[in-house]
Amino acid sequence: MKLQQTVSAGLEITGESLHTGVTVHMQICPQAPDTGIWFGRTDLPGQPRIKAEPGNIIDTKKSVTIGKDGWRIATIEHLMAVLHGLGIDNALVLTDGEEIPSGDGSGLYFAERIRQSGIVTQDKPRRYTVIREPLWVEGTVYKQKEPLKAFLVALPSTDENFGVNFTFTSDHPVTGTQYYQYNHNEDAFVSEIAPARTIAFMKEIEHLRSQGLALSGDLNRAVIVGDEGYCNELRFSDEIARHKVLDIIGDLYLAGSIIGRIIGIRSGHALDLELAKKIVAQADHS
Ligand SMILES: [Zn+2]
């Protein structure tokens with residue numbers, strides 16, 4: 001039986017946000033057992049707070065954004081992945097701005113800081129969200145020459161564990177098709193998944209910048225794909241597929257600590273959220 005965990009007091013991370021490019025001060029505070037993961041803003045009147053649940057996600061277009069009543073915190077997915085991956089059941093994440101600091105563009109910086117600061121074991125058993133029946137969602141990806149189907153499937157686990165398989169396909173000659181299979185344990189999460197950065201195409205960066213997005217100047221916070229090759233050094237040859245696994249681990253944490261096998265094909269945040277909603281609906285009725 002695994003016990004619930006929270007973070008040590010006094011964990012603070014300051015850094016530049018990815019999309020808005022401003023400096024954000026973040027605190028990750030310990031919480032009592034059975035509290036779950038909460039987000040809040042310290043810079044707004046009344047210091048509003050909101051629980052990390054599928055119904056509280058208001059945008060999944062460029063990053064996963066939580067909020068209500070006109071306030072928001074964007075780009076929560078990599079921090080959520082680290083909380084899921086390290087088994088942090090209870091925490092309150094406070095920011096003084098509307099986006100999480102980007103760290104190094106992966107989950108590694110958050111994972112290292114949380115581990116260095118210390119993980120606290122609590123006196124109640126962890127609650128799991130168990131996938132009991134196959135569930136799936138599907139959509140369409142328009143990024144390639146022709147529209148392609150995307151799928152995200154949750155299957156009951158055969159080994160009482162959590163795992164994610166992801167297939168990334170692309171007609172871009174540099175990336176090719178990538179596949180990754182992840183079986184969860186905390187050390188594997190930190191070494192195999194947490195360091196993987198998101199993909200960015202040089203052409204998209206130029207386009208986003210023209211719209212005032214992706215202002216952040218450090219190009220090492222993503223795997224940058226140019227027309228003829230990668231523009232920076234990879235951390236893994238299949239870093240893009242691993243990052244997609246990271247995103248799924250983060251997004252599905254909205255549904256709790258999962259026991260089940262997740263299979264993604266070309267899926268992204270929108271399908272992750274749809275599946276998280278289905279998982280929660282199933283959990284409520286089982
Ligand atoms: Zn991501």
# chains A, B, ... in the order shown; residues from 1 in each chain; ligands from 1
call {"tool": "select_by_dssp", "arguments": {"residues": "segment 116-253 of chain A", "states": "helix (DSSP H, G or I)", "output": "VMD selection string"}}
result
chain A and resid 116 to 117 186 to 193 202 to 210 219 to 221 239 to 253
call {"tool": "write_last_selection", "arguments": {"atoms": "C-alpha atoms", "output": "PDB file, in the first residue's frame"}}
result
ATOM      1  CA  GLN A 116      15.821  18.368  -3.652  1.00  0.00           C
ATOM      2  CA  SER A 117      13.377  20.180  -1.425  1.00  0.00           C
ATOM      3  CA  GLU A 186       9.329   7.330 -10.075  1.00  0.00           C
ATOM      4  CA  ASP A 187      12.962   6.826 -11.115  1.00  0.00           C
ATOM      5  CA  ALA A 188      11.975   5.902 -14.687  1.00  0.00           C
ATOM      6  CA  PHE A 189       9.790   8.991 -14.821  1.00  0.00           C
ATOM      7  CA  VAL A 190      12.667  11.246 -13.784  1.00  0.00           C
ATOM      8  CA  SER A 191      15.257   9.682 -16.121  1.00  0.00           C
ATOM      9  CA  GLU A 192      13.158   8.724 -19.199  1.00  0.00           C
ATOM     10  CA  ILE A 193      10.260  11.162 -19.367  1.00  0.00           C
ATOM     11  CA  MET A 202      11.133  26.790 -36.762  1.00  0.00           C
ATOM     12  CA  LYS A 203       8.394  27.935 -39.159  1.00  0.00           C
ATOM     13  CA  GLU A 204       5.775  27.862 -36.352  1.00  0.00           C
ATOM     14  CA  ILE A 205       8.042  29.831 -34.003  1.00  0.00           C
ATOM     15  CA  GLU A 206       8.422  32.543 -36.601  1.00  0.00           C
ATOM     16  CA  HIS A 207       4.632  32.578 -37.093  1.00  0.00           C
ATOM     17  CA  LEU A 208       3.870  32.655 -33.327  1.00  0.00           C
ATOM     18  CA  ARG A 209       6.347  35.457 -32.788  1.00  0.00           C
ATOM     19  CA  SER A 210       4.600  37.512 -35.442  1.00  0.00           C
ATOM     20  CA  LEU A 219      15.444  28.112 -27.956  1.00  0.00           C
ATOM     21  CA  ASN A 220      16.835  25.271 -25.835  1.00  0.00           C
ATOM     22  CA  ARG A 221      13.497  24.949 -24.077  1.00  0.00           C
ATOM     23  CA  GLU A 239      12.449  13.012 -27.455  1.00  0.00           C
ATOM     24  CA  ILE A 240       9.250  14.151 -29.198  1.00  0.00           C
ATOM     25  CA  ALA A 241       7.380  10.896 -28.429  1.00  0.00           C
ATOM     26  CA  ARG A 242       8.660  10.952 -24.842  1.00  0.00           C
ATOM     27  CA  HIS A 243       7.396  14.505 -24.408  1.00  0.00           C
ATOM     28  CA  LYS A 244       3.968  13.447 -25.632  1.00  0.00           C
ATOM     29  CA  VAL A 245       4.025  10.782 -22.895  1.00  0.00           C
ATOM     30  CA  LEU A 246       4.919  13.547 -20.401  1.00  0.00           C
ATOM     31  CA  ASP A 247       1.942  15.620 -21.556  1.00  0.00           C
ATOM     32  CA  ILE A 248      -0.425  12.644 -21.175  1.00  0.00           C
ATOM     33  CA  ILE A 249       0.890  11.895 -17.675  1.00  0.00           C
ATOM     34  CA  GLY A 250       0.222  15.520 -16.743  1.00  0.00           C
ATOM     35  CA  ASP A 251      -3.176  15.878 -18.374  1.00  0.00           C
ATOM     36  CA  LEU A 252      -4.574  12.603 -17.041  1.00  0.00           C
ATOM     37  CA  TYR A 253      -3.578  13.593 -13.508  1.00  0.00           C
TER      38      TYR A 253
END
call {"tool": "closest_residue", "arguments": {"among": "A:Ile199, A:Leu108, A:Leu3, A:Ile88", "to": "ligand 1", "atoms": "only C-alpha atoms and all ligand atoms"}}
result
A:Ile199
call {"tool": "closest_residue", "arguments": {"among": "A:Glu77, A:Glu112, A:Glu133, A:Glu146", "to": "Ile13 of chain A", "atoms": "only C-alpha atoms"}}
result
A:Glu112
call {"tool": "atom_distance", "arguments": {"atom1": "atom CA of Gly97 of chain A", "atom2": "atom CA of Asp69 of chain A"}}
result
15.6 Å
call {"tool": "atom_distance", "arguments": {"atom1": "atom CA of Ser257 of chain A", "atom2": "atom CA of Ser63 of chain A"}}
result
21.1 Å
call {"tool": "closest_residue", "arguments": {"among": "A:Gly103, A:Gly85, A:Pro134, A:Pro48", "to": "Lys278 of chain A", "atoms": "only C-alpha atoms"}}
result
A:Pro134
call {"tool": "closest_residue", "arguments": {"among": "A:Val130, A:Ala200, A:Ala91, A:Val24", "to": "ligand 1", "atoms": "only C-alpha atoms and all ligand atoms"}}
result
A:Ala200
call {"tool": "residues_around", "arguments": {"residues": "Leu11 of chain A", "least_positions_apart": "3", "cutoff": "8 Å", "atoms": "only C-alpha atoms", "output": "PDB file with N, CA and C atoms, in the first residue's frame"}}
result
ATOM      1  N   VAL A   7       4.567  17.927  -0.738  1.00  0.00           N
ATOM      2  CA  VAL A   7       5.902  18.531  -0.875  1.00  0.00           C
ATOM      3  C   VAL A   7       6.342  19.095   0.476  1.00  0.00           C
ATOM      4  N   SER A   8       7.626  19.450   0.585  1.00  0.00           N
ATOM      5  CA  SER A   8       8.128  20.139   1.776  1.00  0.00           C
ATOM      6  C   SER A   8       7.707  21.600   1.721  1.00  0.00           C
ATOM      7  N   GLN A  27       5.019  29.270  -5.904  1.00  0.00           N
ATOM      8  CA  GLN A  27       5.247  28.523  -4.660  1.00  0.00           C
ATOM      9  C   GLN A  27       4.457  27.221  -4.760  1.00  0.00           C
ATOM     10  N   ILE A  28       5.062  26.109  -4.332  1.00  0.00           N
ATOM     11  CA  ILE A  28       4.342  24.834  -4.254  1.00  0.00           C
ATOM     12  C   ILE A  28       4.270  24.481  -2.772  1.00  0.00           C
ATOM     13  N   CYS A  29       3.047  24.489  -2.232  1.00  0.00           N
ATOM     14  CA  CYS A  29       2.868  24.401  -0.785  1.00  0.00           C
ATOM     15  C   CYS A  29       2.304  23.034  -0.400  1.00  0.00           C
ATOM     16  N   ARG A 113      13.771  20.087  -8.508  1.00  0.00           N
ATOM     17  CA  ARG A 113      13.519  21.011  -7.391  1.00  0.00           C
ATOM     18  C   ARG A 113      12.639  20.368  -6.322  1.00  0.00           C
ATOM     19  N   ILE A 114      11.614  19.620  -6.740  1.00  0.00           N
ATOM     20  CA  ILE A 114      10.718  18.989  -5.759  1.00  0.00           C
ATOM     21  C   ILE A 114      11.476  17.911  -4.986  1.00  0.00           C
ATOM     22  N   SER A 117      14.027  19.538  -2.560  1.00  0.00           N
ATOM     23  CA  SER A 117      13.377  20.180  -1.425  1.00  0.00           C
ATOM     24  C   SER A 117      12.776  19.137  -0.481  1.00  0.00           C
TER      25      SER A 117
END
call {"tool": "residues_around", "arguments": {"residues": "Gly15 of chain A", "least_positions_apart": "4", "cutoff": "10 Å", "atoms": "only C-alpha atoms", "output": "list in words"}}
result
Gly21, Val22, Thr23, Val24, His25, Met26, Ile100, Pro101, Ser102, Gly103 and Asp104 of chain A
call {"tool": "closest_residue", "arguments": {"among": "A:Ile259, A:Ile76, A:Ile50, A:Ala32", "to": "ligand 1", "atoms": "only C-alpha atoms and all ligand atoms"}}
result
A:Ile76
call {"tool": "residues_around", "arguments": {"residues": "Asn90 of chain A", "least_positions_apart": "3", "cutoff": "9 Å", "atoms": "only C-alpha atoms", "output": "ChimeraX atom specification"}}
result
/A:4-7,29-38,83
